[in-house]
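So the structure is just underneath, and the comments pick up after that.
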Amino acid sequence: MGEWYGYTGRVLRINLTDRSTRTQELDRSAAQMFLGGRGLNSRSLYEEVRAGANPLGPENKVFIATGPLVGTMFPTASRFNISAKSPQTGILGDSNAGGHFAPEMKFAGYDQIIIEGRSREPVYIHISDGEVELRDAGYITGRDVYERDRLIKSDIGDRGVQTLIAGPAAENGVGFAGVFANLMRAASRTGMGTVLASKGVRALAVRGTGSIEVADPGRFEELVLEIEEEIRGHEQYWPRRRMGTTRILMMADRAGFLPTRHYTSGTFERAEEVSGERLAEEFNVKGRGCFACTIPCSRFYVVREGPFAGLYGEGPEYEALGSFTSRVGNGDLCLALKANDMCNRLGLDILTTGECISWAMELHERGMLSREEADGIDLSWGNGDAILALIDKIAHREGFGDLLADGSRAAAEKLGRGLELTMQVKGLDIIMADPQGLKGFGLGYAVASRGGDHLRSEPFMELSDDPELGLRMFGVPEATLRLADSGKGRLVSYFEDWNAVIDALEPCKNIMQNMEILTFERASEVIEAATGLRMTPTEVRVVGERIINVERAFNAREGITRKDDRLPRRFLEEPLEHGASRGTSTTPRGDGTRKRGTRRPRR
Amino acid sequence: MRRLVVEGEKCAGCRQCEMVCSFHRAGVFSPLLSRITVIKDDERGFDYPVSCRQCEECPPAEACPTGALSRDETGIVHVDVEGCAGCGACVDSCPFGAVKLDKETRPIICDLCGGDPACVSRCPTHAITFVESGFFDEKPSDALQRLMGRWGIDG
């Protein structure tokens with residue numbers, strides 16, 4: 001095996017069917033063309049999982065990859081991507097999380113872990129540097145994520161081992177169960193935990209004692225120091241440190257795109273009560289961070305009074321906070337903390353869980369769902385008992401929860417009504433931002449390669465409402481006006497490529513992209529200092545485009561066409577009536593939804 | 001004398017100190033080769049960097065059967081790698097858990113970088129400071145108890 005910098009240069013392949021493992025050298029051309037993380041996984045998925053594969057069959061594979069900056073002091077480089085064909089959407093699935101699992105994987109010696117086949121007995125995978133062992137996990141079946149973590153650490157006799165855990169919802173076959181690092185760092189979109197559990201795997205536990213070297217330590221340190229200083233001096237530094245992503249809730253409310261009562265409104269009258277500001281003031285006790293982070297933006301909270309006294313934990317992030325407050329019409333902050341905590345312990349995706357509950361509540365309000373059909377639960381907006389009861393029922397696929405347990409699209413299909421009201425694209429439930437107030441985000445949801453999702457593009461520049469920026473960056477002043485339609489194709493294309501590069505290198509998008517730190521120019525310098533790979537800023541962007549293309553190709557092979565790149569009808573036909581985004585629905589065609597195929601060809 | 005003093009309420013557990021330390025002292029990134037180690041408890045939100053405290057009495061130096069650990073007048077422990085037998089008695093005897101062994105089973109102990117510890121300026125929350133101080137005797141377990149009490153967390 002030759003010299004590798006930044007990378008470990010090794011891929012671990014585990015076959016559960018015959019219980020064999022082997023270590024392969026990372027393909028150098030793959031590193032050059034896809035960098036790592038999501039890029040490497042998407043390429044592997046395209047090459048190794050054939051069209052029509054059963055997502056829960058032994059022919060599906062789970063790919064876990066991290067990037068060449070992870071396991072160094074590069075700010076925020078802490079993340080991994082987990083990919084497989086999704087049981088929730090039937091197309092490309094992937095999810096991404098931070099914490100301390102990914103660097104441990106690097107120190108154990110692996111850039112990517114590939115899990116194939118299926119184990120007859122429940123196991124967890126213990127990786128200690130070069131030693132890989134499938135250990136019995138029968139005794140943790142049914143336990144929650146926290147209990148599993150404790151039991152595994154005590155079984156191995158090492159509290160410093162880093163775990164990646166699929167919870168009970170995953171083994172119950174819920175379509176949108178995730179994997180959790182450090183108990184609460186969720187990679188929970190598109191059901192990657194469900195796929196892992198279908199293979200008989202309950203968790204991974206990794207310990208590494210190795211080292212990562214970089215190609216040019218002096219230059220690498222210079223770049224790191226420069227970036228750390230830029231982050232600390234950034235105007236978003238303190239708001240992020242104080243509130244993390246929960247700072248978005250009030251911003252979204254003021255701008256009128258805070259999804260409220262299942263997107264029937266863009267403002268929530270109780271937003272302040274459930275805001276990141278209130279959480280910070282009344283409940284947070286300490287900041288916590290992912291590995292090597294300059295802004296520890298996660299927060300540890302403690303509830304001391306009321307019905308949820310004694311509840312404590314990390315988070316929640318904005319998507320969880322919003323999913324269990326405005327989206328379902330709930331103004332009780334502590335109840336939302338409890339709902340988030342339950343999802344973490346049970347191993348559920350908070351966004352799809354929130355959408356399923358919210359959708360059911362709208363059906364109830366419209367008289368389309370009887371109380372009997374919902375197991376006698378009163379689905380009035382904001383009913384806290386109903387929210388908590390449904391989370392539990394979904395995780396255990398019990399009664400009405402079983403109907404909801406594959407996501408809103410599948411639920412509507414099974415129920416035989418309400419499909420037009422599901423807020424999803426390609427089966428993936430969309431996030432906590434109403435695209436009527438963010439047209440570029442809307443286009444992003446429509447074309448994203450894992451279904452309705454913002455993290456593929458997240459074109460935050462349109463929030464600037466600065467036409468000069470749009471003209472300079474994209475040649476169209478409207479590109480950076482959030483309520484305008486023009487220029488959004490160029491805007492989204494640029495951000496899709498950028499995010500793919502960040503997902504391949506695996507630092508944190510909140511900082512590297514939202515705060516405009518890791519531009520293509522700088523990424524080119526960082527990649528060279530860390531890995532020795534030379535590529536121009538344009539070539540870096542092409543890596544991003546290549547990643548998206550291989551993902552879209554995977555989906556095309558599964559039968560997805562441009563016709564599937566569409567938003568839920570409500571966003572096209574029912575303008576918001578109140579707030580700062582009122583009266584401006586998303587246009588279904590024209591430049592505002594220009595598809596990828598119309599872009600200039602590149603290699 | 002100036003000592004490394006840790007504030008558990010500030011540490012966010014990012015472990016950048018470990019990366020900076022191993023990079024400065026070994027030229028690579030490796031928690032194993034870091035002279036400072038963050039103890040973590042994710043469930044209770046606890047993070048606490050641990051490194052040599054330059055105790056007045058040094059049990060590891062006393063426990064070392066070959067006399068490979070020596071201490072200078074400021075209490076900094078120096079390791080004679082040639083003389084070390086790699087037995088690990090130092091690890092077991094340190095009351096703060098501040099000694100680790102590398103892959104050759106040689107002890108790794110903080111020596112304050114010769115008076116300008118690299119980790120301090122890079123701690124994003126200023127949880128580690130290098131200040132004039134008396135002996136800093138808080139053990140991680142004491143800090144955990146103290147913080148759980150302050151935050152109102154049982155158990």
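Each chain of the structure tokens is named A, B, ... in the order shown, its residues numbered from 1; ligands are numbered from 1 in display order.
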- Using only C-alpha atoms, which residues sit within 9 Å of range 53-70 of chain B once same-chain residues fewer than 4 positions away are excluded, as a PyMOL selection string? chain B and resi 3-5+74-85+87-96+98-99+110-111+135-137
Please identify all polymer residues within 9 Å of Val285 in chain A, counting only C-alpha atoms, omitting same-chain residues fewer than 4 positions from it, and present them as a VMD selection string. (chain A and resid 280 299 to 302) or (chain B and resid 9 151)
* Would you kindly return, as a ChimeraX atom specification, each protein, DNA or RNA residue with an atom no farther than 12 Å from any atom of Glu229 in chain A, considering only C-alpha atoms and excluding same-chain residues fewer than 4 positions away? => /A:75,222-225,233-234,237,294-295,517 /B:121-122,124
Residues within 10 Å of range 18-24 of chain B, please, as JSON, numbers by chain. Count only C-alpha atoms; anything in the same chain fewer than 2 positions from it doesn't count. {"A": [71, 72, 73, 74, 211, 212, 213, 217, 221, 291, 292], "B": [14, 15, 16, 26, 27, 28, 29, 30, 31, 32, 33, 34, 35, 36, 37, 38, 49, 110, 113, 117, 118, 119, 120, 121, 122, 123]}
List every residue of range 11-44 of chain B that DSSP, applied to the backbone of this structure, places in strand (DSSP E or B), and write the result as a compact mmCIF listing (two decimals) with C-alpha atoms, in the first residue's frame.
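result-v3.txt, freshly written:
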```txt
# COMPACT_ATOMS: atom_id res chain seq x y z
CA PHE B 29 -2.96 13.65 14.15
CA THR B 37 -7.15 13.48 26.66
CA VAL B 38 -10.76 14.55 26.89
CA ILE B 39 -12.91 12.34 29.13
CA LYS B 40 -16.46 12.30 27.82
CA ASP B 41 -19.92 11.26 28.98
```
| request: Can you check which residues of range 229-372 of chain A DSSP gives as helix (DSSP H, G or I) on the backbone and send them as a ChimeraX atom specification? | output: /A:229-232,237-255,271-274,276-282,318-323,326-328,333-346,350-365
Can you write just those residues out, C-alpha atoms, as a PDB file, in the first residue's frame?
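Here's the written file again.pdb:
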```pdb
ATOM      1  CA  GLU A 229      -9.711  33.021  12.837  1.00  0.00           C
ATOM      2  CA  GLU A 230     -12.220  33.709  10.104  1.00  0.00           C
ATOM      3  CA  ILE A 231     -14.828  31.569  11.860  1.00  0.00           C
ATOM      4  CA  ARG A 232     -14.250  33.271  15.216  1.00  0.00           C
ATOM      5  CA  TYR A 237     -20.158  32.992  15.433  1.00  0.00           C
ATOM      6  CA  TRP A 238     -21.999  33.971  18.621  1.00  0.00           C
ATOM      7  CA  PRO A 239     -25.577  33.342  17.474  1.00  0.00           C
ATOM      8  CA  ARG A 240     -24.510  29.860  16.383  1.00  0.00           C
ATOM      9  CA  ARG A 241     -22.593  29.200  19.563  1.00  0.00           C
ATOM     10  CA  ARG A 242     -25.531  30.281  21.659  1.00  0.00           C
ATOM     11  CA  MET A 243     -28.369  28.675  19.741  1.00  0.00           C
ATOM     12  CA  GLY A 244     -26.964  26.426  17.034  1.00  0.00           C
ATOM     13  CA  THR A 245     -29.488  25.914  14.261  1.00  0.00           C
ATOM     14  CA  THR A 246     -32.396  26.696  16.602  1.00  0.00           C
ATOM     15  CA  ARG A 247     -31.716  30.363  15.875  1.00  0.00           C
ATOM     16  CA  ILE A 248     -33.513  29.743  12.560  1.00  0.00           C
ATOM     17  CA  LEU A 249     -36.949  29.331  14.118  1.00  0.00           C
ATOM     18  CA  MET A 250     -37.559  33.026  14.828  1.00  0.00           C
ATOM     19  CA  MET A 251     -35.866  34.038  11.568  1.00  0.00           C
ATOM     20  CA  ALA A 252     -38.199  31.741   9.640  1.00  0.00           C
ATOM     21  CA  ASP A 253     -41.224  33.055  11.519  1.00  0.00           C
ATOM     22  CA  ARG A 254     -40.338  36.674  10.780  1.00  0.00           C
ATOM     23  CA  ALA A 255     -39.739  35.883   7.112  1.00  0.00           C
ATOM     24  CA  ALA A 271     -43.038  30.977  17.899  1.00  0.00           C
ATOM     25  CA  GLU A 272     -41.357  32.933  20.694  1.00  0.00           C
ATOM     26  CA  GLU A 273     -42.395  30.354  23.284  1.00  0.00           C
ATOM     27  CA  VAL A 274     -40.671  27.594  21.346  1.00  0.00           C
ATOM     28  CA  GLY A 276     -34.031  28.937  20.160  1.00  0.00           C
ATOM     29  CA  GLU A 277     -33.752  32.136  22.176  1.00  0.00           C
ATOM     30  CA  ARG A 278     -36.017  30.785  24.904  1.00  0.00           C
ATOM     31  CA  LEU A 279     -34.279  27.419  24.880  1.00  0.00           C
ATOM     32  CA  ALA A 280     -30.910  29.133  25.335  1.00  0.00           C
ATOM     33  CA  GLU A 281     -32.109  31.402  28.119  1.00  0.00           C
ATOM     34  CA  GLU A 282     -34.084  28.962  30.205  1.00  0.00           C
ATOM     35  CA  TYR A 318     -33.949  23.409  14.321  1.00  0.00           C
ATOM     36  CA  GLU A 319     -35.560  20.667  12.261  1.00  0.00           C
ATOM     37  CA  ALA A 320     -36.530  18.721  15.383  1.00  0.00           C
ATOM     38  CA  LEU A 321     -37.614  21.817  17.269  1.00  0.00           C
ATOM     39  CA  GLY A 322     -39.804  22.979  14.387  1.00  0.00           C
ATOM     40  CA  SER A 323     -41.124  19.502  13.594  1.00  0.00           C
ATOM     41  CA  SER A 326     -45.053  24.866  14.663  1.00  0.00           C
ATOM     42  CA  ARG A 327     -45.396  21.985  12.171  1.00  0.00           C
ATOM     43  CA  VAL A 328     -47.845  20.234  14.480  1.00  0.00           C
ATOM     44  CA  LEU A 333     -41.316  23.791  24.251  1.00  0.00           C
ATOM     45  CA  CYS A 334     -40.694  21.060  26.833  1.00  0.00           C
ATOM     46  CA  LEU A 335     -43.027  18.708  25.019  1.00  0.00           C
ATOM     47  CA  ALA A 336     -40.954  19.229  21.881  1.00  0.00           C
ATOM     48  CA  LEU A 337     -37.798  18.425  23.861  1.00  0.00           C
ATOM     49  CA  LYS A 338     -39.456  15.231  25.043  1.00  0.00           C
ATOM     50  CA  ALA A 339     -40.532  14.305  21.503  1.00  0.00           C
ATOM     51  CA  ASN A 340     -36.989  14.855  20.234  1.00  0.00           C
ATOM     52  CA  ASP A 341     -35.561  12.788  23.078  1.00  0.00           C
ATOM     53  CA  MET A 342     -37.977   9.949  22.313  1.00  0.00           C
ATOM     54  CA  CYS A 343     -37.011   9.945  18.624  1.00  0.00           C
ATOM     55  CA  ASN A 344     -33.319   9.824  19.558  1.00  0.00           C
ATOM     56  CA  ARG A 345     -33.805   6.924  21.928  1.00  0.00           C
ATOM     57  CA  LEU A 346     -36.104   4.983  19.608  1.00  0.00           C
ATOM     58  CA  ILE A 350     -37.516  13.543  13.421  1.00  0.00           C
ATOM     59  CA  LEU A 351     -38.469  15.137  10.110  1.00  0.00           C
ATOM     60  CA  THR A 352     -40.449  12.253   8.682  1.00  0.00           C
ATOM     61  CA  THR A 353     -41.941  11.511  12.104  1.00  0.00           C
ATOM     62  CA  GLY A 354     -43.048  15.145  12.356  1.00  0.00           C
ATOM     63  CA  GLU A 355     -44.485  15.121   8.843  1.00  0.00           C
ATOM     64  CA  CYS A 356     -46.448  11.923   9.452  1.00  0.00           C
ATOM     65  CA  ILE A 357     -47.997  13.338  12.621  1.00  0.00           C
ATOM     66  CA  SER A 358     -48.632  16.712  11.039  1.00  0.00           C
ATOM     67  CA  TRP A 359     -50.210  15.161   7.947  1.00  0.00           C
ATOM     68  CA  ALA A 360     -52.473  12.987  10.093  1.00  0.00           C
ATOM     69  CA  MET A 361     -53.518  16.052  12.075  1.00  0.00           C
ATOM     70  CA  GLU A 362     -54.456  17.902   8.909  1.00  0.00           C
ATOM     71  CA  LEU A 363     -56.518  14.945   7.696  1.00  0.00           C
ATOM     72  CA  HIS A 364     -58.287  14.923  11.042  1.00  0.00           C
ATOM     73  CA  GLU A 365     -58.965  18.682  10.876  1.00  0.00           C
TER      74      GLU A 365
END
```
Residue neighbourhood range 543-551 of chain A, 7 Å, only C-alpha atoms, exclusion window fewer than 3 positions, as a count of residues only: 16
Quick one: contact table of range 135-205 of chain A to range 389-397 of chain A, 10 Å max, nearest atom pair and distance in Å to one decimal per residue, counting only C-alpha atoms, chain and number order, as JSON lines?
```
{"residue": "A:Gly142", "atom": "CA", "partner": "A:His396", "partner_atom": "CA", "distance": 9.8}
{"residue": "A:Gly167", "atom": "CA", "partner": "A:Ala395", "partner_atom": "CA", "distance": 9.3}
{"residue": "A:Pro168", "atom": "CA", "partner": "A:Ala395", "partner_atom": "CA", "distance": 7.2}
{"residue": "A:Ala169", "atom": "CA", "partner": "A:Ala395", "partner_atom": "CA", "distance": 4.6}
{"residue": "A:Ala170", "atom": "CA", "partner": "A:Ala395", "partner_atom": "CA", "distance": 8.1}
{"residue": "A:Glu171", "atom": "CA", "partner": "A:His396", "partner_atom": "CA", "distance": 9.4}
{"residue": "A:Asn172", "atom": "CA", "partner": "A:His396", "partner_atom": "CA", "distance": 6.2}
{"residue": "A:Gly173", "atom": "CA", "partner": "A:Arg397", "partner_atom": "CA", "distance": 7.9}
{"residue": "A:Val174", "atom": "CA", "partner": "A:Ala395", "partner_atom": "CA", "distance": 6.5}
{"residue": "A:Gly175", "atom": "CA", "partner": "A:Ala395", "partner_atom": "CA", "distance": 9.8}
{"residue": "A:Phe176", "atom": "CA", "partner": "A:Ala395", "partner_atom": "CA", "distance": 9.6}
{"residue": "A:Ala177", "atom": "CA", "partner": "A:Ala395", "partner_atom": "CA", "distance": 8.4}
```
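Closest approach to chain B among A:Arg207, A:Arg202, A:Arg450, A:Arg120 is made by A:Arg207 (distances from only C-alpha atoms).
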With a distance cut-off of 8 Å and only C-alpha atoms, select the neighbouring residues of Gly45 in chain B, excluding the residue or stretch itself and same-chain residues fewer than 6 positions from it, and output the selection as number ranges by chain.
-> A: 286, 288, 300, 313-314
Save out the residues we just selected, N, CA and C atoms, as a compact mmCIF listing (two decimals), in the first residue's frame.
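Result file result-v4.txt:
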```txt
# COMPACT_ATOMS: atom_id res chain seq x y z
N LYS A 286 -24.82 24.11 28.87
CA LYS A 286 -23.44 24.06 28.36
C LYS A 286 -23.44 23.83 26.86
N ARG A 288 -21.82 22.04 23.52
CA ARG A 288 -21.05 20.85 23.17
C ARG A 288 -20.74 20.89 21.68
N PHE A 300 -26.31 21.51 25.56
CA PHE A 300 -26.86 20.54 26.50
C PHE A 300 -27.92 21.24 27.33
N GLY A 313 -30.52 16.45 27.84
CA GLY A 313 -29.90 15.89 26.64
C GLY A 313 -29.31 16.98 25.78
N GLU A 314 -28.88 16.56 24.60
CA GLU A 314 -28.25 17.51 23.69
C GLU A 314 -29.26 17.91 22.62
```
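Those residues that approach Gly475 in chain A to within 9 Å, counting only C-alpha atoms, are A:Leu469, A:Gly487, A:Arg490; same-chain residues fewer than 6 positions away are not listed.
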Given the selection you just returned, output its residues as a file containing N, CA and C atoms, formatted as a PDB file, in the first residue's frame.
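And here's out_4.pdb as it stands now:
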```pdb
ATOM      1  N   LEU A 469     -25.579  40.943  -5.466  1.00  0.00           N
ATOM      2  CA  LEU A 469     -24.915  39.651  -5.257  1.00  0.00           C
ATOM      3  C   LEU A 469     -25.339  38.659  -6.349  1.00  0.00           C
ATOM      4  N   GLY A 487     -33.378  32.974 -12.270  1.00  0.00           N
ATOM      5  CA  GLY A 487     -31.984  32.742 -11.884  1.00  0.00           C
ATOM      6  C   GLY A 487     -31.787  31.633 -10.876  1.00  0.00           C
ATOM      7  N   ARG A 490     -29.396  28.548 -11.838  1.00  0.00           N
ATOM      8  CA  ARG A 490     -27.957  28.766 -11.653  1.00  0.00           C
ATOM      9  C   ARG A 490     -27.582  28.765 -10.170  1.00  0.00           C
TER      10      ARG A 490
END
```
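We find CA of Asp144 in chain A and CA of Asp158 in chain A to be spaced 19.6 Å apart.
If you measure from each of B:Met148, B:Ala12, B:Ala143, B:Val6 to chain A using only C-alpha atoms, the closest one turns out to be B:Ala12.
With CA of Val542 in chain A on one side and CA of Ser29 in chain A on the other, the separation reads 14.5 Å.
Across B:Met1, B:Val131, B:Val50, B:Leu147, the tightest approach to chain A is made by B:Leu147 when counting only C-alpha atoms.
Take CA of Asp136 in chain A and CA of Val123 in chain A: the distance between them is 4.6 Å.
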